[in-house]
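Engineer: Before we start, here is the structure in question, set down as structure tokens.
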Amino acid sequence: MPRPPEPRSVLVIGSGPVVLRHTAAACRVLKAAGLRVTVVDSNLATMTTDPEFADSTYLEPIDPGTVEQVIARERPDALLATLGGQAALDTTVALYESGVLTRYGVELIGTGIDAILAGENPEELARIAGRAGAEMVPETSVPGWEKFELEVVRDHEDTVAVACSSEGSPTDRAYRRMCDVAVAVTRAVGAGPGGCTVRFAVDPPGGRVVVTGFDSRVTGSSALAVKLAVGHTLDGLGFVTAARPPGAGSTGDALEIDVDALYDGHELYLGGVMERFEAPGDPACVLPPITLGRADLARIREATRVLAENTGLRGPLNVRYALTPGALSVLEANPREDRTIPFVSRATGVPLAKAAARVMLGARIADLRAEGLLPPIGDGGTFPPDAAVAVKQGEVMGIDSNFGTAYAKAQAAASGPLPTKGRIYAAFAARDNRSMIFPVKALADNGFEILAAEGTGTILQYLGLPVTIAREHSLVDLVEAGDIVLVVDTLPGKRQDEIRTAAAARGIPYLTTVQGLAAAVQGIEAVTRGHSSVISLQEHIAALWPVRPGRIPREETSLTDQEKM
């Protein structure tokens with residue numbers, strides 16, 4: 001992709017009657033890049049019309065005639081239309097088609113006219129989606145389907161990455177499919193350097209993925225998209241990305257990590273670094289991470305700081321990483337609170353949601369430390385060596401002095417206790433053949449009967465383990481009858497759906513990763529040993545942060561003071 005001369009001045013068309021609060025951060029990016037910024041907007045409710053965000057601010061209606069007058073007066077080198085609402089896009093198209101932009105030598109940045117027009121033309125978008133190997137359907141024609149949005153960013157070197165996605169829990173297969181299509185559509189429409197949004201619908205029963213819409217704008221990644229539009233590259237910003245690395249979420253080589261953090265524009269507070277060990281759906285995860293070393297945590301902390309700094313963020317940030325022996329890749333970066341916030345808050349004893357609200361209102365991390373809302377030193381990326389371990393399973397949490405017991409507690413609360421005897425079913429993809437040997441052998445050593453798919457069973461028999469080869473058509477019947485007490489299946493495809501449904505109905509643990517199996521083995525061994533204890537959250541928090549400025553010690557607090565708190 002040829003790189004045009006960098007602009008010296010930029011005209012930003014605002015949101016008009018719609019309040020879009022993400023534009024202010026993007027304007028800061030333009031100012032920080034040394035560009036002269038002109039804003040046209042009539043909305044007093046948006047921060048973008050504050051004089052500090054531009055060199056010239058025009059509180060005028062957003063229409064072609066008015067914006068042409070501003071262009072004639074300010075003579076900007078570039079026009080950024082994708083920070084505003086629909087009026088900004090309509091005005092930009094009119095200025096392009098009437099020749100105004102060509103006459104004044106104004107370049108469109110952030111995304112091109114073809115991408116803007118594609119979002120306005122369903123027939124053209126359908127053709128583009130078809131070339132990307134996807135089907136385009138109106139969103140109204142798929143009621144009841146799960147809806148997702150993926151924000152895609154692109155730089156001058158044609159590096160494309162999924163930077164942000166909407167909330168939800170698509171299957172690994174559906175997410176990979178959406179990422180592939182989103183990247184292909186982004187390139188096909190010529191979006192960028194900058195960003196765009198591709199909307200999808202996923203049929204829950206069958207996993208069918210269709211495109212439902214396209215927008216030449218981004219919201220969560222707007223500041224990042226602006227940096228790319230004015231000449232930065234994804235690699236140069238430290239935004240190491242991958243739509244989904246090979247095997248992420250489904251193999252032992254890639255470890256998925258969730259991070260919740262706060263950024264005040266100057267300082268990063270790492271709320272928590274969660275290690276996933278069962279990826280599909282609502283993932284199981286653990287705090288503190290049990291297999292990450294200091295170097296890994298330092299790398300994650302620095303990557304998160306770079307992401308926050310380069311996206312103009314002020315407030316909460318949720319990042320999902322994939323860690324492999326060779327790289328730390330960003331799977332998603334969402335400038336919002338994630339559903340993991342309650343878990344992180346309870347596991348670390350820090351009210352992250354409250355702290356995030358204060359930061360968005362202008363408070364600094366240092367202020368919140370002084371008040372006692374955040375710990376005086378350290379953060380959720382640094383735990384004492386003897387800290388209790390917290391495990392999230394679905395919407396429940398287990399806590400104990402060791403991981404196995406904490407996992408067993410979480411599993412028991414989520415769907416029932418882990419089995420300590422009986423028959424398990426095992427089916428592993430070829431990529432997992434080496435890593436599955438030790439956990440399966442541990443189950444056999446603990447007295448479990450192993451029923452395995454043909455490929456898995458053959459390997460285990462070579463190793464001398466007593467294994468029965470399963471007849472696949474009987475598996476659902478065995479699960480429904482309660483003859484299977486645990487299922488682990490990492491094979492790709494739809495064949496898992498019936499077994500998963502039957503297992504859920506019976507409350508039988510169903511695992512889809514080797515990491516999940518290893519966790520289950522530790523939980524089963526902990527249950528067998530019977531060394532379980534209980535600890536209150538208050539005790540756990542006091543052990544983590546014994547000194548919290550601004551907090552009255554519990555024993556010195558009267559009943560009335562407690563009620564006030």
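Simple scheme: letters A, B, ... for chains in structure tokens order, numbers from 1 for residues in each chain, numbers from 1 for ligands in the order shown.
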Which residues come within 12 Å of A:Lys227, counting only C-alpha atoms, excluding same-chain residues fewer than 2 positions away, as a ChimeraX atom specification?

Structural biologist: /A:6,25-35,80,109-110,153-156,192-195,221-225,229-234,236-237,239,309-312

Engineer: List as a list of chain:residue names the protein and nucleic acid residues near stretch 37-41 of chain A, meaning an atom at most 6 Å away when only C-alpha atoms are counted, but skip any in the same chain fewer than 3 places from it.

Structural biologist: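 Once the nearby chain positions are removed, what remains is A:Ser9, A:Val10, A:Leu11, A:Val12, A:Ile13, A:Gly14, A:Gly16, A:Ala54, A:Asp55, A:Ser56, A:Thr57, A:Tyr58, A:Leu59, A:Glu60.
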
Engineer: Taking only C-alpha atoms into account, which of A:Leu361, A:Cys179, A:Ile399, A:Ala429 comes nearest A:Asp264?

Structural biologist: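 Counting only C-alpha atoms, the residue closest to A:Asp264 is A:Leu361.
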
Engineer: Do a neighbour search on A:Ala426 at 12 Å with only C-alpha atoms, toss out local chain neighbours closer than 3 positions, and write the hits as a PyMOL selection string.

Structural biologist: chain A and resi 423+429+432-433+436-437+439-441+443-444+448-460+467-470+472+475+484-491+496+510-514+517

Engineer: Would you return as number ranges by chain the members of stretch 13-225 of chain A that DSSP assigns to alpha helix (DSSP H) on this structure's backbone?

Structural biologist: A: 23-32, 64-74, 86-97, 100-104, 113-120, 122-131, 172-189, 222-225

Engineer: What are the closest atom pairs, with distances in Å to one decimal, for each residue of stretch 342-363 of chain A lying within 10 Å of stretch 518-538 of chain A, using only C-alpha atoms, rows by chain and rising residue number, as a Markdown table?

Structural biologist:
| residue | atom | partner | partner_atom | distance |
| --- | --- | --- | --- | --- |
| A:Arg346 | CA | A:Leu537 | CA | 7.3 |
| A:Ala347 | CA | A:Leu537 | CA | 8.1 |
| A:Thr348 | CA | A:Leu537 | CA | 9.5 |
| A:Gly349 | CA | A:Leu537 | CA | 7.9 |

Engineer: With only C-alpha atoms as the atoms that count, which of A:Gly271, A:Pro351, A:Gly206, A:Gly381 lies nearest to A:Leu297?

Structural biologist: A:Gly381

Engineer: Need to verify the contact set: stretch 121-136 of chain A, 8 Å, only C-alpha atoms, exclusion of same-chain residues closer than 4 positions in sequence. Can you return it as a list in words?

Structural biologist: Leu117, Val181, Ala184, Val185, Ala188, Val189, Val209, Val210, Val211, Thr212, Gly213 and Phe214 of chain A

Engineer: Report, in Å to a single decimal, how far apart atom CA of A:Val389 and atom CA of A:Ala295 are.

Structural biologist: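 Atom-to-atom, atom CA of A:Ala295 to atom CA of A:Val389, that is 20.4 Å.
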